[in-house]
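For reference, protein_30.cif (mmCIF, C-alpha atoms):
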data_run
loop_
_atom_site.label_atom_id
_atom_site.label_comp_id
_atom_site.auth_asym_id
_atom_site.auth_seq_id
_atom_site.Cartn_x
_atom_site.Cartn_y
_atom_site.Cartn_z
CA LYS G 1 101.59 94.70 112.59
CA ASN G 2 98.88 97.36 112.63
CA GLU G 3 96.23 97.07 109.95
CA VAL G 4 96.59 100.80 109.25
CA GLU G 5 100.01 102.42 109.12
CA GLN G 6 100.65 106.12 108.72
CA SER G 7 103.88 107.87 107.82
CA PRO G 8 105.51 109.95 108.93
CA GLN G 9 104.55 109.92 112.60
CA ASN G 10 105.80 113.48 113.02
CA LEU G 11 106.16 116.14 110.36
CA THR G 12 107.51 119.66 110.66
CA ALA G 13 107.18 122.16 107.84
CA GLN G 14 107.63 125.82 107.07
CA GLU G 15 104.65 127.89 106.09
CA GLY G 16 103.96 127.57 102.38
CA GLU G 17 105.43 124.11 101.94
CA PHE G 18 103.62 121.26 100.20
CA ILE G 19 102.88 118.46 102.65
CA THR G 20 102.15 114.78 102.09
CA ILE G 21 100.94 112.29 104.70
CA ASN G 22 100.71 108.64 103.76
CA CYS G 23 98.44 105.83 104.87
CA SER G 24 98.84 102.15 104.05
CA TYR G 25 96.42 99.43 105.04
CA SER G 26 96.45 95.67 104.89
CA VAL G 27 92.76 94.75 104.73
CA GLY G 28 90.10 95.05 102.07
CA ILE G 29 88.10 98.21 102.54
CA SER G 30 84.98 99.90 101.26
CA ALA G 31 86.13 103.40 102.18
CA LEU G 32 88.92 105.36 103.81
CA HIS G 33 88.55 108.45 105.98
CA TRP G 34 90.94 111.28 106.71
CA LEU G 35 90.34 113.05 110.01
CA GLN G 36 91.87 116.13 111.63
CA GLN G 37 92.33 116.72 115.35
CA HIS G 38 93.64 120.00 116.71
CA PRO G 39 95.48 120.00 120.07
CA GLY G 40 92.96 119.63 122.86
CA GLY G 41 90.19 119.72 120.32
CA GLY G 42 87.65 117.53 118.73
CA ILE G 43 87.92 115.42 115.63
CA VAL G 44 86.75 116.62 112.25
CA SER G 45 86.11 114.47 109.21
CA LEU G 46 88.01 115.84 106.21
CA PHE G 47 87.34 113.28 103.50
CA MET G 48 85.81 109.93 102.83
CA LEU G 49 87.23 108.14 99.79
CA SER G 50 86.43 104.92 98.04
CA SER G 51 88.36 105.64 94.83
CA GLY G 52 90.28 108.31 92.97
CA LYS G 53 90.81 111.76 94.39
CA LYS G 54 88.93 114.43 96.32
CA LYS G 55 89.80 118.08 96.83
CA HIS G 56 88.59 120.62 99.35
CA GLY G 57 90.33 123.97 99.41
CA ARG G 58 94.04 123.34 99.97
CA LEU G 59 93.50 119.71 100.91
CA ILE G 60 93.69 116.85 98.43
CA ALA G 61 93.17 113.18 99.22
CA THR G 62 93.95 110.32 96.90
CA ILE G 63 93.50 106.58 97.17
CA ASN G 64 94.88 103.62 95.23
CA ILE G 65 92.73 100.62 96.10
CA GLN G 66 94.98 98.11 94.32
CA GLU G 67 98.05 99.27 96.22
CA LYS G 68 96.10 99.74 99.48
CA HIS G 69 97.48 103.23 99.89
CA SER G 70 96.14 106.71 100.41
CA SER G 71 97.77 110.12 100.64
CA LEU G 72 96.65 113.42 102.11
CA HIS G 73 98.25 116.49 100.58
CA ILE G 74 98.20 120.04 101.90
CA THR G 75 99.19 122.75 99.47
CA ALA G 76 100.58 126.10 100.68
CA SER G 77 100.63 124.93 104.31
CA HIS G 78 99.76 127.38 107.07
CA PRO G 79 100.36 127.33 110.84
CA ARG G 80 96.63 126.76 111.36
CA ASP G 81 97.08 123.40 109.59
CA SER G 82 99.07 122.22 112.62
CA ALA G 83 97.12 119.26 113.96
CA VAL G 84 97.07 115.48 114.12
CA TYR G 85 95.89 113.86 110.91
CA ILE G 86 94.35 110.43 111.25
CA CYS G 87 93.63 107.85 108.60
CA ALA G 88 90.84 105.34 109.22
CA VAL G 89 89.53 102.47 107.11
CA ASP G 90 86.07 101.00 106.86
CA ALA G 91 85.94 97.29 106.01
CA GLY G 92 82.40 97.65 104.69
CA GLY G 93 79.94 94.81 104.44
CA THR G 94 78.32 94.04 107.78
CA SER G 95 80.94 95.99 109.73
CA TYR G 96 78.31 98.70 110.33
CA GLY G 97 80.77 101.46 109.63
CA LYS G 98 83.29 100.36 112.22
CA LEU G 99 86.59 102.04 111.57
CA THR G 100 90.16 100.93 112.17
CA PHE G 101 92.41 103.90 112.85
CA GLY G 102 96.03 104.69 112.17
CA GLN G 103 98.16 106.14 114.94
CA GLY G 104 98.02 109.61 113.47
CA THR G 105 100.57 112.02 112.02
CA ILE G 106 101.47 115.07 114.09
CA LEU G 107 101.94 118.03 111.75
CA THR G 108 103.56 121.26 112.91
CA VAL G 109 103.75 124.17 110.49
CA HIS G 110 106.04 127.03 111.50
CA PRO G 111 105.51 130.62 110.34
CA ASP B 1 74.47 124.06 116.28
CA ALA B 2 76.66 121.06 117.14
CA GLY B 3 75.23 117.93 115.59
CA ILE B 4 76.58 115.75 118.37
CA THR B 5 77.15 116.62 122.01
CA GLN B 6 78.79 114.71 124.82
CA SER B 7 78.31 115.10 128.54
CA PRO B 8 80.01 115.51 130.85
CA ARG B 9 83.02 117.02 129.10
CA HIS B 10 85.22 116.44 132.14
CA LYS B 11 84.81 114.08 135.06
CA VAL B 12 86.97 112.96 137.94
CA THR B 13 85.83 109.92 139.85
CA GLU B 14 87.12 107.29 142.21
CA THR B 15 87.95 103.66 141.51
CA GLY B 16 84.94 101.40 141.86
CA THR B 17 82.26 103.98 141.16
CA PRO B 18 79.89 103.70 138.19
CA VAL B 19 80.12 106.38 135.50
CA THR B 20 77.81 107.14 132.61
CA LEU B 21 78.80 109.23 129.61
CA ARG B 22 76.08 110.58 127.36
CA CYS B 23 76.12 111.17 123.64
CA HIS B 24 73.30 113.05 121.93
CA GLN B 25 73.04 113.60 118.18
CA THR B 26 70.57 115.64 116.19
CA GLU B 27 71.64 114.28 112.79
CA ASN B 28 69.18 111.36 112.81
CA HIS B 29 72.15 109.11 112.10
CA ARG B 30 71.56 105.39 112.35
CA TYR B 31 75.05 104.39 113.47
CA MET B 32 76.73 105.55 116.66
CA TYR B 33 80.08 104.67 118.21
CA TRP B 34 82.05 105.09 121.40
CA TYR B 35 85.84 105.30 121.16
CA ARG B 36 88.59 105.88 123.64
CA GLN B 37 91.78 107.71 122.76
CA ASP B 38 95.00 107.04 124.62
CA PRO B 39 98.60 108.05 123.90
CA GLY B 40 100.31 105.41 121.82
CA HIS B 41 97.06 103.64 120.93
CA GLY B 42 95.12 106.06 118.81
CA LEU B 43 91.36 105.69 118.69
CA ARG B 44 89.92 102.33 119.70
CA LEU B 45 86.32 101.21 119.40
CA ILE B 46 84.55 100.33 122.65
CA HIS B 47 80.99 99.67 121.52
CA TYR B 48 78.83 100.62 118.60
CA SER B 49 75.15 100.75 117.68
CA TYR B 50 73.51 100.08 114.34
CA GLY B 51 70.03 101.06 115.43
CA VAL B 52 67.79 101.57 118.43
CA LYS B 53 68.41 98.75 120.90
CA ASP B 54 70.96 97.21 118.50
CA THR B 55 74.47 97.33 119.90
CA ASP B 56 77.63 95.27 119.72
CA LYS B 57 81.12 95.13 121.18
CA GLY B 58 84.23 96.73 119.79
CA GLU B 59 87.84 95.82 120.40
CA VAL B 60 88.10 97.17 123.98
CA SER B 61 84.65 96.51 125.43
CA ASP B 62 85.59 94.86 128.75
CA GLY B 63 84.32 96.92 131.68
CA TYR B 64 81.93 98.94 129.54
CA SER B 65 78.27 98.64 128.61
CA VAL B 66 76.07 100.73 126.34
CA SER B 67 72.44 101.44 125.75
CA ARG B 68 70.51 103.07 122.96
CA SER B 69 66.82 103.56 123.68
CA LYS B 70 66.36 106.37 121.15
CA THR B 71 68.00 107.19 117.83
CA GLU B 72 69.53 110.35 119.23
CA ASP B 73 71.03 109.01 122.48
CA PHE B 74 73.86 106.55 123.07
CA LEU B 75 75.01 106.00 126.65
CA LEU B 76 78.32 104.51 127.73
CA THR B 77 78.51 103.09 131.26
CA LEU B 78 81.58 102.09 133.18
CA GLU B 79 80.14 99.63 135.63
CA SER B 80 82.97 99.96 138.15
CA ALA B 81 85.56 102.48 137.04
CA THR B 82 89.24 101.53 137.17
CA SER B 83 92.36 103.64 136.71
CA SER B 84 92.98 101.94 133.34
CA GLN B 85 89.79 103.57 132.11
CA THR B 86 91.27 107.03 132.52
CA SER B 87 91.06 108.29 128.97
CA VAL B 88 89.43 110.67 126.56
CA TYR B 89 86.19 109.25 125.21
CA PHE B 90 84.78 110.24 121.85
CA CYS B 91 81.33 109.57 120.54
CA ALA B 92 80.69 109.52 116.80
CA SER B 93 77.71 109.10 114.56
CA ARG B 94 77.38 108.21 110.93
CA ARG B 95 74.51 108.33 108.51
CA GLN B 96 73.53 105.31 106.49
CA GLY B 97 74.98 105.28 103.01
CA ASP B 98 78.35 106.38 101.76
CA SER B 99 77.54 109.24 99.44
CA GLY B 100 78.65 112.79 100.02
CA ALA B 101 81.07 114.40 102.40
CA ASN B 102 81.10 114.56 106.18
CA VAL B 103 79.38 111.24 106.67
CA LEU B 104 81.07 110.90 110.05
CA THR B 105 80.54 113.34 112.94
CA PHE B 106 82.48 113.30 116.20
CA GLY B 107 81.62 114.77 119.55
CA ALA B 108 84.04 117.07 121.36
CA GLY B 109 85.24 114.34 123.72
CA SER B 110 84.84 113.56 127.41
CA ARG B 111 87.94 113.50 129.56
CA LEU B 112 87.58 110.96 132.37
CA THR B 113 90.03 110.63 135.22
CA VAL B 114 89.71 107.68 137.60
CA LEU B 115 91.67 108.13 140.83
#
Could you quickly redo this structure as structure tokens?
Amino acid sequence: KNEVEQSPQNLTAQEGEFITINCSYSVGISALHWLQQHPGGGIVSLFMLSSGKKKHGRLIATINIQEKHSSLHITASHPRDSAVYICAVDAGGTSYGKLTFGQGTILTVHP
Amino acid sequence: DAGITQSPRHKVTETGTPVTLRCHQTENHRYMYWYRQDPGHGLRLIHYSYGVKDTDKGEVSDGYSVSRSKTEDFLLTLESATSSQTSVYFCASRRQGDSGANVLTFGAGSRLTVL
């Protein structure tokens, strides 16, 4: 079983819909990252969370440390949001920032 | 004004040849990482560095070595390339401390094909 599980693996939405991507992990962590990767493109860090909630524009990320679960929400989705969204966890301590990644969620937003 | 650059961006080579990928960051980040990304596997850590001349192995380090002689440069070497090392390689850097946003920066990736 992977230490980091994302769901769904694939997600298709219509423009304007509210989108939720989930991430569950099985290890103790100091922080969780949400990353975005466009087709053929590089990887961009969206959020780093250690507790609570963060918001940036139409993106909201939440984390529940006790339940070992995080969600990434996109409000009023747009075709330009189409990308792979990747969850990654940092075990902290002497791990020197090494991350364990989920498999990614492929999001396609249709006009 | 990219904070982290990788070179080459694309390379085709033959089995058995040595290959070096370069990662250069201008963020003065302490930590640097090399990952490979393959379909069905996601991102996997090859090697990482927690300071100049301080490096350690990740989960898929066999067949790879790294060096970090300066804060800004982290080199990944495939000593004798094999077809199983055909992949997209990403470099990343991270500043010390967890405060603030965008603590993690990725390069644009290097696509390596081993024939």
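Once the PyMOL selection byres ((chain G) within 7 of (chain B)) is applied to the depicted file, the selected set reads Gly41, Gly42, Ile43, Val44, Ser45, Phe47, Met48, Tyr96, Phe101, Gly102 and Gln103 of chain G.
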Pull C-alpha atoms from the residues just selected and write them as a PDB file, in the coordinates of the input.
ATOM      1  CA  GLY G  41      90.190 119.720 120.320  1.00  0.00           C
ATOM      2  CA  GLY G  42      87.650 117.530 118.730  1.00  0.00           C
ATOM      3  CA  ILE G  43      87.920 115.420 115.630  1.00  0.00           C
ATOM      4  CA  VAL G  44      86.750 116.620 112.250  1.00  0.00           C
ATOM      5  CA  SER G  45      86.110 114.470 109.210  1.00  0.00           C
ATOM      6  CA  PHE G  47      87.340 113.280 103.500  1.00  0.00           C
ATOM      7  CA  MET G  48      85.810 109.930 102.830  1.00  0.00           C
ATOM      8  CA  TYR G  96      78.310  98.700 110.330  1.00  0.00           C
ATOM      9  CA  PHE G 101      92.410 103.900 112.850  1.00  0.00           C
ATOM     10  CA  GLY G 102      96.030 104.690 112.170  1.00  0.00           C
ATOM     11  CA  GLN G 103      98.160 106.140 114.940  1.00  0.00           C
TER      12      GLN G 103
END
Review point. Written as a ChimeraX atom specification, what is the full residue list that the PyMOL selection byres ((chain B and resi 71-80) around 6) yields on the file shown?
Key: /B:16-25,52,64-68,70,81
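With atom CA of Asp90 of chain G on one side and atom CA of Ile21 of chain G on the other, the separation reads 18.8 Å.
Counting from atom CA of Glu17 of chain G, the distance to atom CA of Val89 of chain G is 27.3 Å.
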Point to revise | Contacts of Ala76 of chain G within 12 Å, all atoms listed in the file, excl. fewer than 2 positions in-chain, as a PyMOL selection string | key: chain G and resi 13-20+57-60+73-74+78-81+109+111
Quick one: segment 89-103 of chain G with N, CA, C and O atoms, as a compact mmCIF listing (two decimals), in the first residue's frame?
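The new file selection-v3.txt reads:
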# COMPACT_ATOMS: atom_id res chain seq x y z
N VAL G 89 4.08 14.39 0.93
CA VAL G 89 4.21 14.58 2.37
C VAL G 89 5.68 14.60 2.78
O VAL G 89 6.52 13.94 2.18
N ASP G 90 5.93 15.38 3.81
CA ASP G 90 7.27 15.55 4.36
C ASP G 90 7.25 14.97 5.77
O ASP G 90 6.50 15.44 6.62
N ALA G 91 8.08 13.94 6.00
CA ALA G 91 8.07 13.29 7.31
C ALA G 91 8.73 14.12 8.39
O ALA G 91 8.60 13.84 9.58
N GLY G 92 9.45 15.17 8.00
CA GLY G 92 10.05 16.06 8.98
C GLY G 92 11.25 15.43 9.67
O GLY G 92 11.84 14.47 9.18
N GLY G 93 11.63 15.98 10.78
CA GLY G 93 12.75 15.47 11.55
C GLY G 93 14.04 15.56 10.75
O GLY G 93 14.34 16.59 10.15
N THR G 94 14.76 14.47 10.69
CA THR G 94 16.03 14.46 9.96
C THR G 94 15.85 13.99 8.52
O THR G 94 16.80 13.56 7.87
N SER G 95 14.62 14.07 8.01
CA SER G 95 14.39 13.61 6.63
C SER G 95 14.92 14.61 5.61
O SER G 95 14.89 14.35 4.42
N TYR G 96 15.38 15.79 6.08
CA TYR G 96 15.95 16.80 5.19
C TYR G 96 15.01 17.18 4.05
O TYR G 96 15.44 17.40 2.93
N GLY G 97 13.72 17.24 4.37
CA GLY G 97 12.78 17.71 3.37
C GLY G 97 12.47 16.71 2.29
O GLY G 97 11.88 17.07 1.28
N LYS G 98 12.85 15.45 2.49
CA LYS G 98 12.50 14.44 1.48
C LYS G 98 11.00 14.26 1.45
O LYS G 98 10.36 14.17 2.49
N LEU G 99 10.47 14.21 0.25
CA LEU G 99 9.03 14.08 0.08
C LEU G 99 8.66 12.72 -0.45
O LEU G 99 9.40 12.12 -1.22
N THR G 100 7.49 12.24 -0.02
CA THR G 100 6.88 11.05 -0.60
C THR G 100 5.65 11.51 -1.36
O THR G 100 4.81 12.22 -0.80
N PHE G 101 5.55 11.12 -2.62
CA PHE G 101 4.54 11.66 -3.51
C PHE G 101 3.38 10.69 -3.72
O PHE G 101 3.57 9.48 -3.74
N GLY G 102 2.19 11.26 -3.92
CA GLY G 102 1.08 10.50 -4.43
C GLY G 102 1.23 10.33 -5.94
O GLY G 102 2.11 10.90 -6.56
N GLN G 103 0.33 9.53 -6.50
CA GLN G 103 0.42 9.23 -7.93
C GLN G 103 -0.10 10.36 -8.79
O GLN G 103 0.12 10.37 -10.00
